[in-house]
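Have a look at data.txt; it's compact mmCIF, C-alpha atoms and all ligand atoms:
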```txt
# COMPACT_ATOMS: atom_id res chain seq x y z
CA MET J 29 -9.37 -5.14 -32.80
CA ALA J 30 -6.38 -4.42 -30.58
CA LEU J 31 -6.44 -6.16 -27.22
CA THR J 32 -6.31 -3.83 -24.25
CA ALA J 33 -6.49 -4.27 -20.50
CA VAL J 34 -9.86 -4.32 -18.73
CA LYS J 35 -11.04 -0.81 -17.75
CA GLY J 36 -9.71 0.19 -14.33
CA PHE J 37 -7.02 -2.53 -14.37
CA ASN J 38 -3.51 -1.10 -14.73
CA ASP J 39 -0.15 -2.31 -15.91
CA ILE J 40 2.78 -1.27 -13.75
CA LEU J 41 5.50 -0.64 -16.30
CA PRO J 42 9.26 -1.09 -15.71
CA ASP J 43 9.89 2.63 -15.23
CA GLU J 44 7.34 2.65 -12.39
CA SER J 45 8.13 -0.67 -10.77
CA GLY J 46 11.22 0.69 -9.01
CA ARG J 47 8.97 3.08 -7.08
CA TRP J 48 6.58 0.26 -6.21
CA GLN J 49 9.41 -1.95 -4.99
CA HIS J 50 10.72 0.92 -2.90
CA ILE J 51 7.30 1.38 -1.24
CA GLU J 52 6.94 -2.34 -0.61
CA GLN J 53 10.46 -2.75 0.78
CA MET J 54 10.01 0.24 3.07
CA ALA J 55 6.70 -1.10 4.38
CA ARG J 56 8.15 -4.58 4.95
CA ARG J 57 11.10 -3.08 6.80
CA VAL J 58 9.01 -0.86 9.07
CA PHE J 59 6.38 -3.56 9.73
CA GLU J 60 8.92 -6.32 10.42
CA LEU J 61 10.80 -3.98 12.77
CA ASN J 62 7.52 -3.77 14.71
CA GLY J 63 7.27 -7.57 14.87
CA PHE J 64 4.72 -8.16 12.08
CA ALA J 65 5.00 -11.30 9.92
CA GLU J 66 3.64 -11.61 6.40
CA ILE J 67 0.56 -13.69 5.70
CA ARG J 68 -0.47 -14.51 2.12
CA VAL J 69 -4.11 -15.31 1.52
CA PRO J 70 -6.08 -15.93 -1.70
CA VAL J 71 -7.50 -13.16 -3.88
CA LEU J 72 -10.76 -15.12 -4.24
CA GLU J 73 -13.02 -15.96 -1.31
CA LYS J 74 -16.59 -17.15 -0.77
CA THR J 75 -18.92 -14.16 -1.19
CA GLU J 76 -20.44 -14.75 2.22
CA LEU J 77 -17.14 -13.85 3.92
CA PHE J 78 -17.42 -10.27 2.72
CA SER J 79 -21.16 -9.80 3.18
CA ARG J 80 -20.84 -11.08 6.76
CA SER J 81 -17.81 -8.98 7.70
CA ILE J 82 -17.89 -5.74 5.70
CA GLY J 83 -21.66 -5.47 6.08
CA ASP J 84 -24.60 -5.71 3.67
CA ALA J 85 -25.46 -2.02 3.81
CA THR J 86 -22.04 -0.72 2.79
CA ASP J 87 -20.96 0.74 -0.55
CA ILE J 88 -18.47 -2.09 -1.01
CA VAL J 89 -21.00 -4.91 -0.60
CA GLU J 90 -23.93 -3.07 -2.18
CA LYS J 91 -22.25 -2.05 -5.39
CA GLU J 92 -18.48 -2.50 -5.62
CA MET J 93 -17.81 -6.24 -5.42
CA TYR J 94 -16.61 -8.44 -8.28
CA THR J 95 -18.93 -11.34 -7.54
CA PHE J 96 -19.64 -14.21 -9.87
CA THR J 97 -20.82 -17.77 -9.90
CA ASP J 98 -18.08 -20.29 -10.68
CA LYS J 99 -18.52 -23.47 -12.70
CA GLY J 100 -19.50 -25.33 -9.54
CA GLU J 101 -22.39 -22.87 -8.90
CA ASN J 102 -20.63 -21.29 -5.92
CA SER J 103 -20.83 -17.55 -5.39
CA VAL J 104 -17.26 -16.25 -5.15
CA THR J 105 -15.83 -12.72 -4.92
CA LEU J 106 -12.50 -11.14 -5.79
CA ARG J 107 -11.43 -9.67 -2.47
CA PRO J 108 -12.33 -5.96 -2.11
CA GLU J 109 -10.12 -5.64 0.99
CA GLY J 110 -7.68 -7.72 3.02
CA THR J 111 -8.82 -7.92 6.63
CA ALA J 112 -11.71 -10.34 6.09
CA GLY J 113 -9.53 -12.94 4.35
CA VAL J 114 -6.71 -12.60 6.88
CA MET J 115 -9.15 -13.10 9.77
CA ARG J 116 -10.78 -16.05 7.95
CA ALA J 117 -7.32 -17.65 7.76
CA PHE J 118 -6.56 -16.74 11.39
CA ILE J 119 -9.70 -18.61 12.47
CA GLU J 120 -9.48 -21.48 9.96
CA HIS J 121 -5.91 -22.36 10.94
CA LYS J 122 -6.53 -21.65 14.64
CA LEU J 123 -3.54 -19.32 14.76
CA TYR J 124 -4.99 -18.02 18.03
CA ALA J 125 -4.53 -21.39 19.76
CA ALA J 126 -0.78 -20.94 20.03
CA ASP J 127 -1.04 -17.22 20.79
CA PRO J 128 -4.08 -14.96 20.46
CA VAL J 129 -1.72 -12.03 19.98
CA ALA J 130 -0.76 -12.11 16.30
CA LYS J 131 0.87 -9.32 14.32
CA LEU J 132 0.26 -9.93 10.62
CA TYR J 133 0.76 -7.97 7.43
CA TYR J 134 -0.26 -8.62 3.84
CA LEU J 135 0.11 -7.02 0.47
CA GLY J 136 -1.48 -7.57 -2.89
CA PRO J 137 -4.23 -6.63 -5.33
CA MET J 138 -7.80 -5.79 -4.28
CA PHE J 139 -10.80 -5.42 -6.59
CA ARG J 140 -13.71 -2.99 -6.48
CA TYR J 141 -16.09 -2.07 -9.26
CA GLU J 142 -15.84 1.72 -8.96
CA ARG J 143 -15.68 4.57 -11.44
CA PRO J 144 -11.98 4.74 -12.42
CA GLN J 145 -10.24 8.09 -11.94
CA LYS J 146 -6.89 9.33 -10.64
CA GLY J 147 -6.12 7.34 -7.47
CA ARG J 148 -9.22 5.13 -7.88
CA TYR J 149 -9.07 1.94 -9.92
CA ARG J 150 -10.87 -1.38 -10.20
CA GLN J 151 -7.77 -3.40 -9.42
CA PHE J 152 -5.64 -1.61 -6.86
CA HIS J 153 -3.04 -2.67 -4.32
CA GLN J 154 -2.96 -2.50 -0.58
CA ILE J 155 -0.43 -3.18 2.13
CA GLY J 156 -2.15 -3.76 5.42
CA ALA J 157 -1.32 -4.80 8.96
CA GLU J 158 -3.37 -6.30 11.78
CA ILE J 159 -2.84 -6.92 15.51
CA THR J 160 -5.16 -9.44 17.14
CA GLY J 161 -5.68 -10.28 20.79
CA VAL J 162 -4.97 -6.90 22.40
CA HIS J 163 -7.72 -4.83 24.05
CA ASP J 164 -5.25 -2.31 25.37
CA PRO J 165 -5.05 1.05 23.55
CA LEU J 166 -1.30 0.51 23.40
CA ALA J 167 -1.93 -1.65 20.30
CA ASP J 168 -3.89 1.18 18.67
CA ALA J 169 -1.01 3.56 19.34
CA GLN J 170 1.62 1.15 18.04
CA VAL J 171 -0.30 0.69 14.79
CA LEU J 172 -0.66 4.46 14.37
CA ASN J 173 2.99 5.07 15.17
CA MET J 174 4.01 2.40 12.69
CA LEU J 175 1.92 3.96 9.94
CA THR J 176 3.37 7.38 10.75
CA ALA J 177 6.89 5.91 10.71
CA PHE J 178 6.29 4.39 7.28
CA PHE J 179 5.39 7.76 5.75
CA ARG J 180 8.32 9.43 7.52
CA GLU J 181 10.80 6.78 6.33
CA ILE J 182 9.60 7.04 2.78
CA GLY J 183 10.11 10.79 2.92
CA LEU J 184 6.52 12.05 2.65
CA THR J 185 5.22 14.87 4.85
CA GLU J 186 1.73 14.30 3.42
CA PRO J 187 -0.51 12.57 4.44
CA THR J 188 -1.44 13.51 8.00
CA LEU J 189 -3.14 11.40 10.64
CA GLN J 190 -6.79 11.90 11.67
CA ILE J 191 -8.39 9.81 14.40
CA ASN J 192 -11.88 9.22 15.74
CA SER J 193 -13.79 6.75 17.87
CA LEU J 194 -16.97 5.05 16.64
CA GLY J 195 -17.90 3.62 20.04
CA CYS J 196 -18.98 0.05 20.62
CA PRO J 197 -22.20 -2.03 20.56
CA GLU J 198 -22.96 -0.53 23.99
CA CYS J 199 -22.98 3.13 22.99
CA ARG J 200 -23.30 3.27 19.23
CA PRO J 201 -27.05 2.42 19.07
CA ALA J 202 -27.90 5.54 21.09
CA TYR J 203 -25.70 7.63 18.79
CA ARG J 204 -27.34 6.13 15.71
CA THR J 205 -30.74 7.04 17.11
CA ALA J 206 -29.64 10.60 17.88
CA LEU J 207 -28.18 10.96 14.40
CA ARG J 208 -31.26 9.44 12.74
CA ASN J 209 -33.54 11.87 14.60
CA PHE J 210 -31.33 14.72 13.42
CA LEU J 211 -31.46 13.44 9.81
CA ASP J 212 -35.24 12.91 9.90
CA GLU J 213 -35.70 16.65 10.27
CA ARG J 214 -33.46 17.37 7.27
CA MET J 215 -34.54 14.55 4.99
CA ALA J 216 -35.56 16.90 2.16
CA LEU J 217 -32.01 18.31 1.96
CA LEU J 218 -30.31 14.91 1.56
CA CYS J 219 -29.30 13.18 -1.68
CA ASP J 220 -31.13 9.98 -2.62
CA ASP J 221 -28.26 7.80 -1.38
CA CYS J 222 -28.31 9.53 2.01
CA LYS J 223 -32.11 9.32 2.26
CA ARG J 224 -31.66 5.57 2.05
CA ARG J 225 -28.56 5.54 4.27
CA SER J 226 -30.32 7.50 7.01
CA ALA J 227 -32.44 4.40 7.56
CA THR J 228 -29.93 1.60 6.84
CA ASN J 229 -26.59 3.09 7.90
CA PRO J 230 -27.00 6.68 9.12
CA LEU J 231 -23.31 7.16 10.03
CA ARG J 232 -22.46 6.95 6.33
CA THR J 233 -24.30 10.23 5.67
CA LEU J 234 -21.43 12.03 7.47
CA ASP J 235 -19.10 10.70 4.79
CA CYS J 236 -21.18 11.86 1.79
CA LYS J 237 -19.35 14.24 -0.54
CA VAL J 238 -22.52 15.81 -2.05
CA PRO J 239 -22.40 19.52 -1.02
CA GLY J 240 -26.08 19.57 0.05
CA CYS J 241 -25.47 16.66 2.42
CA VAL J 242 -22.27 18.18 3.80
CA GLU J 243 -24.25 21.34 4.59
CA ALA J 244 -27.28 19.51 5.97
CA THR J 245 -25.15 17.42 8.36
CA ALA J 246 -22.83 20.25 9.46
CA GLY J 247 -24.45 20.50 12.90
CA ALA J 248 -25.00 16.75 13.36
CA PRO J 249 -24.50 15.30 16.83
CA SER J 250 -20.92 14.16 17.43
CA VAL J 251 -20.14 10.52 18.05
CA LEU J 252 -17.54 11.61 20.58
CA ASP J 253 -20.28 13.11 22.77
CA HIS J 254 -22.04 9.74 22.86
CA LEU J 255 -19.21 7.38 23.87
CA CYS J 256 -19.78 5.19 26.92
CA SER J 257 -17.25 5.66 29.69
CA SER J 258 -15.06 2.68 28.68
CA CYS J 259 -14.92 3.83 25.03
CA ASP J 260 -14.17 7.34 26.23
CA ASP J 261 -11.32 6.04 28.44
CA HIS J 262 -9.99 3.98 25.57
CA PHE J 263 -9.94 6.97 23.23
CA SER J 264 -8.23 9.16 25.87
CA SER J 265 -5.55 6.52 26.35
CA VAL J 266 -4.91 6.26 22.61
CA ARG J 267 -4.41 10.03 22.52
CA ARG J 268 -2.16 9.94 25.56
CA TYR J 269 0.06 7.26 23.98
CA LEU J 270 0.25 9.27 20.76
CA ASP J 271 1.26 12.32 22.77
CA LEU J 272 3.88 10.26 24.65
CA SER J 273 5.46 9.31 21.34
CA ALA J 274 5.07 12.81 19.87
CA THR J 275 3.00 11.47 16.98
CA PRO J 276 1.12 14.32 15.29
CA TYR J 277 -2.63 13.80 14.74
CA SER J 278 -5.90 15.64 14.67
CA ILE J 279 -9.34 14.49 15.76
CA ASN J 280 -12.05 14.26 13.11
CA ALA J 281 -15.37 13.40 14.75
CA ARG J 282 -17.06 13.14 11.33
CA MET J 283 -14.81 10.33 10.13
CA VAL J 284 -16.81 7.16 9.64
CA ARG J 285 -15.48 4.18 7.80
CA GLY J 286 -17.04 2.30 4.91
CA LEU J 287 -16.93 -1.06 6.67
CA ASP J 288 -19.36 -2.07 9.41
CA TYR J 289 -16.91 -4.07 11.49
CA TYR J 290 -15.13 -1.12 13.06
CA THR J 291 -15.47 -0.36 16.77
CA ARG J 292 -13.82 2.33 18.87
CA THR J 293 -10.65 3.76 17.27
CA THR J 294 -10.81 4.58 13.57
CA PHE J 295 -8.28 6.58 11.59
CA GLU J 296 -7.21 7.80 8.20
CA MET J 297 -4.01 9.19 6.73
CA VAL J 298 -5.34 12.09 4.69
CA THR J 299 -3.84 14.22 1.93
CA GLY J 300 -5.06 17.30 0.11
CA LEU J 301 -2.98 16.47 -2.95
CA LEU J 302 -5.16 13.80 -4.58
CA GLY J 303 -8.54 15.52 -4.91
CA ALA J 304 -11.47 13.42 -3.76
CA GLN J 305 -9.10 10.47 -3.27
CA SER J 306 -7.97 11.99 0.02
CA ALA J 307 -7.46 8.85 2.12
CA VAL J 308 -4.09 7.21 1.52
CA ALA J 309 -4.42 4.72 4.37
CA ALA J 310 -7.28 3.89 6.69
CA GLY J 311 -8.22 1.50 9.42
CA GLY J 312 -9.52 0.92 12.88
CA ARG J 313 -10.34 -1.46 15.67
CA TYR J 314 -12.62 -4.41 14.99
CA ASP J 315 -13.28 -6.06 18.33
CA GLY J 316 -16.35 -7.98 17.13
CA LEU J 317 -15.16 -9.20 13.74
CA ILE J 318 -13.37 -12.42 14.66
CA SER J 319 -16.31 -13.77 16.67
CA GLN J 320 -18.72 -12.58 13.97
CA LEU J 321 -16.82 -14.80 11.51
CA GLY J 322 -17.18 -17.81 13.80
CA GLY J 323 -13.93 -17.47 15.75
CA PRO J 324 -13.35 -16.85 19.44
CA ALA J 325 -13.99 -13.44 21.03
CA ILE J 326 -10.61 -11.93 20.16
CA PRO J 327 -10.24 -8.22 19.42
CA GLY J 328 -8.27 -6.76 16.54
CA ILE J 329 -7.01 -3.54 15.02
CA GLY J 330 -5.44 -2.80 11.68
CA PHE J 331 -5.21 -0.66 8.59
CA ALA J 332 -4.69 -0.81 4.85
CA MET J 333 -2.93 1.67 2.66
CA GLY J 334 -3.46 2.15 -1.03
CA LEU J 335 -0.20 1.75 -2.92
CA GLU J 336 -1.39 3.61 -6.04
CA ARG J 337 -2.02 6.68 -3.88
CA VAL J 338 1.35 6.37 -2.11
CA ALA J 339 3.00 6.04 -5.54
CA LEU J 340 1.18 9.17 -6.77
CA LEU J 341 2.42 11.12 -3.73
CA LEU J 342 5.98 9.98 -4.36
CA GLY J 343 5.64 11.51 -7.82
CA SER J 344 8.22 10.95 -10.51
CA GLN J 345 11.20 10.30 -8.23
CA ASN J 346 13.37 7.70 -9.91
CA PHE J 347 13.98 4.51 -7.97
CA SER J 348 15.21 2.26 -10.76
CA SER J 349 18.82 1.19 -10.58
CA CYS J 350 21.39 1.75 -13.34
CA PRO J 351 24.25 -0.45 -14.60
CA ASP J 352 27.62 -0.13 -12.87
CA LEU J 353 29.60 -0.69 -16.03
CA PHE J 354 29.19 -0.81 -19.80
CA ILE J 355 31.81 -2.81 -21.69
CA ALA J 356 32.16 -1.61 -25.29
CA THR J 357 34.22 -3.28 -28.01
CA MET J 358 36.00 -1.73 -31.00
CA GLY J 359 35.23 -4.71 -33.23
CA VAL J 360 33.70 -8.16 -33.22
CA GLY J 361 37.12 -9.66 -32.48
CA GLU J 362 36.97 -8.44 -28.86
CA ARG J 363 33.51 -9.72 -28.08
CA ASP J 364 34.73 -12.99 -26.53
CA VAL J 365 37.03 -11.12 -24.13
CA ALA J 366 34.24 -8.66 -23.28
CA PHE J 367 31.70 -11.44 -22.79
CA ARG J 368 34.05 -13.38 -20.46
CA LEU J 369 34.66 -10.22 -18.39
CA MET J 370 30.95 -9.44 -18.24
CA ASP J 371 30.16 -12.97 -17.13
CA GLY J 372 32.83 -12.89 -14.40
CA LEU J 373 31.74 -9.47 -13.17
CA LEU J 374 28.03 -10.45 -13.07
CA LYS J 375 29.01 -13.52 -11.03
CA SER J 376 30.83 -11.22 -8.61
CA GLY J 377 27.78 -8.98 -8.19
CA ILE J 378 28.69 -6.09 -10.50
CA ARG J 379 25.89 -5.01 -12.81
CA VAL J 380 27.32 -5.00 -16.33
CA GLU J 381 25.85 -4.38 -19.78
CA MET J 382 27.41 -4.85 -23.21
CA ASP J 383 26.25 -4.54 -26.78
CA TYR J 384 24.21 -7.49 -28.07
CA GLU J 385 24.26 -6.72 -31.78
CA GLY J 386 27.80 -5.85 -32.94
CA LYS J 387 26.98 -2.15 -33.31
CA SER J 388 29.53 0.63 -33.92
CA LEU J 389 31.51 1.99 -30.98
CA LYS J 390 29.61 5.26 -31.25
CA SER J 391 26.23 3.62 -30.94
CA GLN J 392 27.49 1.41 -28.09
CA MET J 393 28.50 4.55 -26.17
CA ARG J 394 25.10 6.12 -26.90
CA ARG J 395 23.52 3.05 -25.37
CA ALA J 396 25.80 3.28 -22.31
CA ASP J 397 24.54 6.87 -21.88
CA LYS J 398 20.93 5.89 -22.36
CA LEU J 399 21.18 3.12 -19.74
CA LYS J 400 22.85 5.68 -17.42
CA SER J 401 25.79 3.35 -16.84
CA ARG J 402 28.13 4.78 -14.20
CA TYR J 403 31.37 3.57 -15.80
CA SER J 404 32.60 2.29 -19.14
CA VAL J 405 35.53 0.31 -20.49
CA VAL J 406 36.37 0.19 -24.20
CA ILE J 407 38.21 -2.91 -25.46
CA GLY J 408 40.11 -2.89 -28.76
CA GLU J 409 43.00 -4.87 -30.25
CA ASN J 410 45.56 -2.87 -28.22
CA GLU J 411 43.73 -3.53 -24.93
CA VAL J 412 43.53 -7.26 -25.67
CA ALA J 413 47.25 -7.32 -26.54
CA SER J 414 48.39 -5.35 -23.48
CA GLY J 415 45.82 -6.77 -21.08
CA ARG J 416 45.07 -3.24 -19.84
CA ALA J 417 42.32 -0.71 -20.53
CA THR J 418 40.94 2.66 -19.45
CA PHE J 419 38.22 2.65 -16.81
CA LYS J 420 36.11 5.78 -17.33
CA ARG J 421 33.53 7.52 -15.14
CA MET J 422 30.68 8.51 -17.44
CA ALA J 423 29.54 11.57 -15.48
CA ASP J 424 32.77 13.57 -15.81
CA GLY J 425 35.09 11.47 -17.96
CA ALA J 426 37.57 10.87 -15.08
CA GLN J 427 39.87 7.98 -16.02
CA ALA J 428 41.91 5.26 -14.38
CA ASP J 429 44.10 2.51 -15.80
CA THR J 430 43.04 -1.07 -15.08
CA ALA J 431 44.09 -4.60 -15.91
CA LEU J 432 41.48 -6.45 -17.98
CA THR J 433 40.68 -8.84 -15.15
CA VAL J 434 37.47 -9.35 -13.21
CA ALA J 435 39.24 -8.70 -9.90
CA GLU J 436 40.77 -5.39 -10.93
CA ILE J 437 37.74 -3.99 -12.75
CA ARG J 438 35.59 -4.99 -9.81
CA ALA J 439 37.99 -3.20 -7.47
CA CYS J 440 37.71 -0.04 -9.64
CA VAL J 441 33.89 -0.10 -9.35
CA MET J 442 33.95 -0.76 -5.61
CA LYS J 443 36.63 1.85 -4.96
CA SER J 444 34.76 4.62 -6.71
CA GLU J 445 31.61 3.67 -4.82
CA GLN J 446 33.12 4.83 -1.52
P1 LIG A 501 -12.30 6.00 -0.48
O1 LIG A 501 -13.02 6.81 0.53
O2 LIG A 501 -11.23 6.76 -1.22
O3 LIG A 501 -13.23 5.24 -1.39
P2 LIG A 501 -12.20 3.70 1.19
O4 LIG A 501 -12.68 4.20 2.50
O5 LIG A 501 -13.13 2.94 0.33
O6 LIG A 501 -11.50 4.91 0.36
P3 LIG A 501 -10.61 1.62 2.40
O7 LIG A 501 -11.61 0.57 2.13
O8 LIG A 501 -10.45 2.08 3.78
O9 LIG A 501 -10.87 2.86 1.42
O10 LIG A 501 -9.19 1.16 1.82
C1 LIG A 501 -7.97 1.65 2.34
C2 LIG A 501 -7.17 2.39 1.29
O11 LIG A 501 -7.16 1.69 0.06
C3 LIG A 501 -7.73 3.75 0.92
O12 LIG A 501 -7.31 4.71 1.85
C4 LIG A 501 -7.10 3.98 -0.44
O13 LIG A 501 -5.76 4.44 -0.33
C5 LIG A 501 -7.08 2.61 -1.02
N1 LIG A 501 -8.21 2.40 -1.95
C6 LIG A 501 -9.49 2.08 -1.66
N2 LIG A 501 -10.22 1.94 -2.78
C7 LIG A 501 -9.37 2.18 -3.82
C8 LIG A 501 -9.52 2.17 -5.24
N3 LIG A 501 -10.66 1.87 -5.83
N4 LIG A 501 -8.41 2.47 -6.00
C9 LIG A 501 -7.23 2.76 -5.43
N5 LIG A 501 -7.04 2.77 -4.09
C10 LIG A 501 -8.10 2.48 -3.29
MG MG A 502 -14.32 3.47 -1.31
```

Let's see the structure in the file written out as structure tokens.
Amino acid sequence: MALTAVKGFNDILPDESGRWQHIEQMARRVFELNGFAEIRVPVLEKTELFSRSIGDATDIVEKEMYTFTDKGENSVTLRPEGTAGVMRAFIEHKLYAADPVAKLYYLGPMFRYERPQKGRYRQFHQIGAEITGVHDPLADAQVLNMLTAFFREIGLTEPTLQINSLGCPECRPAYRTALRNFLDERMALLCDDCKRRSATNPLRTLDCKVPGCVEATAGAPSVLDHLCSSCDDHFSSVRRYLDLSATPYSINARMVRGLDYYTRTTFEMVTGLLGAQSAVAAGGRYDGLISQLGGPAIPGIGFAMGLERVALLLGSQNFSSCPDLFIATMGVGERDVAFRLMDGLLKSGIRVEMDYEGKSLKSQMRRADKLKSRYSVVIGENEVASGRATFKRMADGAQADTALTVAEIRACVMKSEQ
């Protein structure tokens, strides 16, 4: 039987990896410009970290985690998201002692046992960023502006930003009660999941995609009408900062997030181009998380974006690089000269390819075309004897005469680059 990858786990092949590198480089550039430093944490953590942070009554913890018992009888889980591990490290290494304000970003694979479909996989990749130690809504606005800047820099007009506030432990209980009372009267209309959620996690019913539930909850009370005055002020300030920086957004009072640790500001970058997989990036404030995990009472805010979905939005744009020069030889006699030139040019930073197998000139030139080499040089007995050759631009056949030296060929490549 042929060996294949595990269902929902993808290979990223060489013709796609250029796009992935482009996304990653762009994110690093934008995040580092904003003062964020990379943190690298393990992909495997103790199961308890996720049940305590994400919440027991969430889809992730209830049914999506890759949890198993290791040979030492410990329950461990492949991380379904990045924030919990980053905050575990923040606390464990007392990063807050030197400065409670930390700006961290991470990237890497995440694992969730979901039904695979376009834009939804069992191993997927996120780039995320977190700011700790800032209560001020200015941090919320900086994070949102940074996310907006990333999508602008990468050249995508989709997705668009939606924001909401989920209140805090002061005001959310009253909202939950109001929502639960509303749901109690419509229980018969809800799907089985939502019947259960209305007791355990009623906010999640607003997120249900089942048409009956969408209809039944259409007139549900709005969380924004139940914010306490400090949450209301916070949300107004976030909006004011976004307006000050001319960041486009809309308010979506039905947006709830699938993780329990969020407080106050929550947000998603949403697209209509990926079907049900509409969220490309998502996040929010988590003022209680760090203390919940045993750390000091330090607030935080952050987001994660799904790289597979960003890559899908970028489409088939080509980001892989092509050789600068292909050196072809008329016969085997010129291969030493060609090899020495290639070696010298590679050492000077010019990307060169040559034939590996002693093929005919015609097939060498076919290969130069296939690799999309920008220039070519053909070396025969005459070129070796005279020490000169023709430097040719592949796109239009334009020619120049060059000495067969590293310095001069390099100069030809550099000159035509300008
Ligand atoms: P969804 O509603 O699509 O399930 P989510 O709310 O579970 O998303 P988050 O936990 O907020 O997603 O993760 C942030 C981002 O990670 C999402 O916006 C999405 O781009 C990406 N993501 C989440 N789950 C997957 C998955 N199974 N496959 C691919 N990308 C994913
Ligand atoms: Mg999900």

(request) Please write out the residues within 9 Å of ligand LIG 501 (chain A) as a PyMOL selection string, counting all atoms listed in the file. (result) chain J and resi 36+87-88+92+108-109+138-156+235+284-287+296-298+304-311+331-338

(request) Tell me, in Å to one decimal, how far atom CA of J:Ser81 is from atom CA of J:Ile326. (result) 14.7 Å

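Using all atoms listed in the file, the smallest distance between any of J:Ser103, J:Arg232, J:Ser257, J:Gly63 and ligand MG 502 (chain A) comes from J:Arg232.
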
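For the point (-18.1, 4.0, 26.2), the residues with an atom at a distance of at most 12 Å are Ser193, Leu194, Gly195, Cys196, Pro197, Glu198, Cys199, Arg200, Pro201, Ala202, Tyr203, Val251, Leu252, Asp253, His254, Leu255, Cys256, Ser257, Ser258, Cys259, Asp260, Asp261, His262, Phe263, Ser264, Thr291, Arg292 and Thr293 of chain J, counting only C-alpha atoms.
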
(message) Given all atoms listed in the file as the basis, pick out the residue of J:Arg268, J:Lys74, J:Arg57, J:His50 nearest to J:Asn102.
(response) J:Lys74

(request) Kindly give the distance, in Å, that separates atom CA of J:Glu213 and atom CA of J:Asn280, rounded to a single decimal. (result) 23.9 Å

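Excluding stretch 178-190 of chain J and any residue on its chain fewer than 2 positions from it, the residues at most 8 Å away by only C-alpha atoms are Ile51, Met54, Ala55, Val58, Met174, Leu175, Thr176, Asn192, Pro276, Tyr277, Ser278, Ile279, Asn280, Phe295, Glu296, Met297, Val298, Thr299, Gly300, Val308, Leu341 and Leu342 of chain J.
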
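If all atoms listed in the file are the atoms counted, then among J:Glu436, J:Asp212, J:Glu90, J:Asp220 the closest residue to ligand MG 502 (chain A) is J:Glu90.
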
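In this structure, atom CA of J:Gly46 sits 7.4 Å away from atom CA of J:Asn346.
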
(message) Counting all atoms listed in the file, which residue out of J:Glu243, J:Asp288, J:Glu120, J:Asp43 sits closest to J:Pro230?
(response) J:Asp288

(request) Would you please work out which residue, of J:Ile329, J:Leu72, J:Leu234, J:Cys222, is nearest to J:Lys131 when using only C-alpha atoms? (result) J:Ile329

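Of the listed residues (J:Leu61, J:Leu321, J:Ile40, J:Val89), J:Val89 comes nearest to ligand MG 502 (chain A); the distances count all atoms listed in the file.
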
(request) Mind checking which residues fall within 10 Å of stretch 360-366 of chain J, counting all atoms listed in the file, ignoring those fewer than 3 positions away in the same chain, and posting them as a VMD selection string? (result) chain J and resid 354 to 357 369 to 372 382 to 388 405 to 409 411 to 412 432 to 433

Near J:Ile378, within 10 Å and counting only C-alpha atoms, which residues show up once chain neighbours fewer than 6 positions away are dropped, as a PDB file with C-alpha atoms, in the coordinates of the input?
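Here's the written file part29.pdb:
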```pdb
ATOM      1  CA  PRO J 351      24.250  -0.450 -14.600  1.00  0.00           C
ATOM      2  CA  ASP J 352      27.620  -0.130 -12.870  1.00  0.00           C
ATOM      3  CA  LEU J 353      29.600  -0.690 -16.030  1.00  0.00           C
ATOM      4  CA  MET J 370      30.950  -9.440 -18.240  1.00  0.00           C
ATOM      5  CA  ASP J 371      30.160 -12.970 -17.130  1.00  0.00           C
ATOM      6  CA  GLY J 372      32.830 -12.890 -14.400  1.00  0.00           C
ATOM      7  CA  VAL J 434      37.470  -9.350 -13.210  1.00  0.00           C
ATOM      8  CA  ILE J 437      37.740  -3.990 -12.750  1.00  0.00           C
ATOM      9  CA  ARG J 438      35.590  -4.990  -9.810  1.00  0.00           C
ATOM     10  CA  VAL J 441      33.890  -0.100  -9.350  1.00  0.00           C
ATOM     11  CA  MET J 442      33.950  -0.760  -5.610  1.00  0.00           C
TER      12      MET J 442
END
```

What lies within 8 Å of J:Ala325 using all atoms listed in the file, ignoring chain neighbours under 4 positions off, as a tab-separated table (two decimals) with C-alpha atoms, in the coordinates of the input?
```
chain	number	residue	atom	x	y	z
J	315	ASP	CA	-13.28	-6.06	18.33
J	316	GLY	CA	-16.35	-7.98	17.13
J	318	ILE	CA	-13.37	-12.42	14.66
J	319	SER	CA	-16.31	-13.77	16.67
```
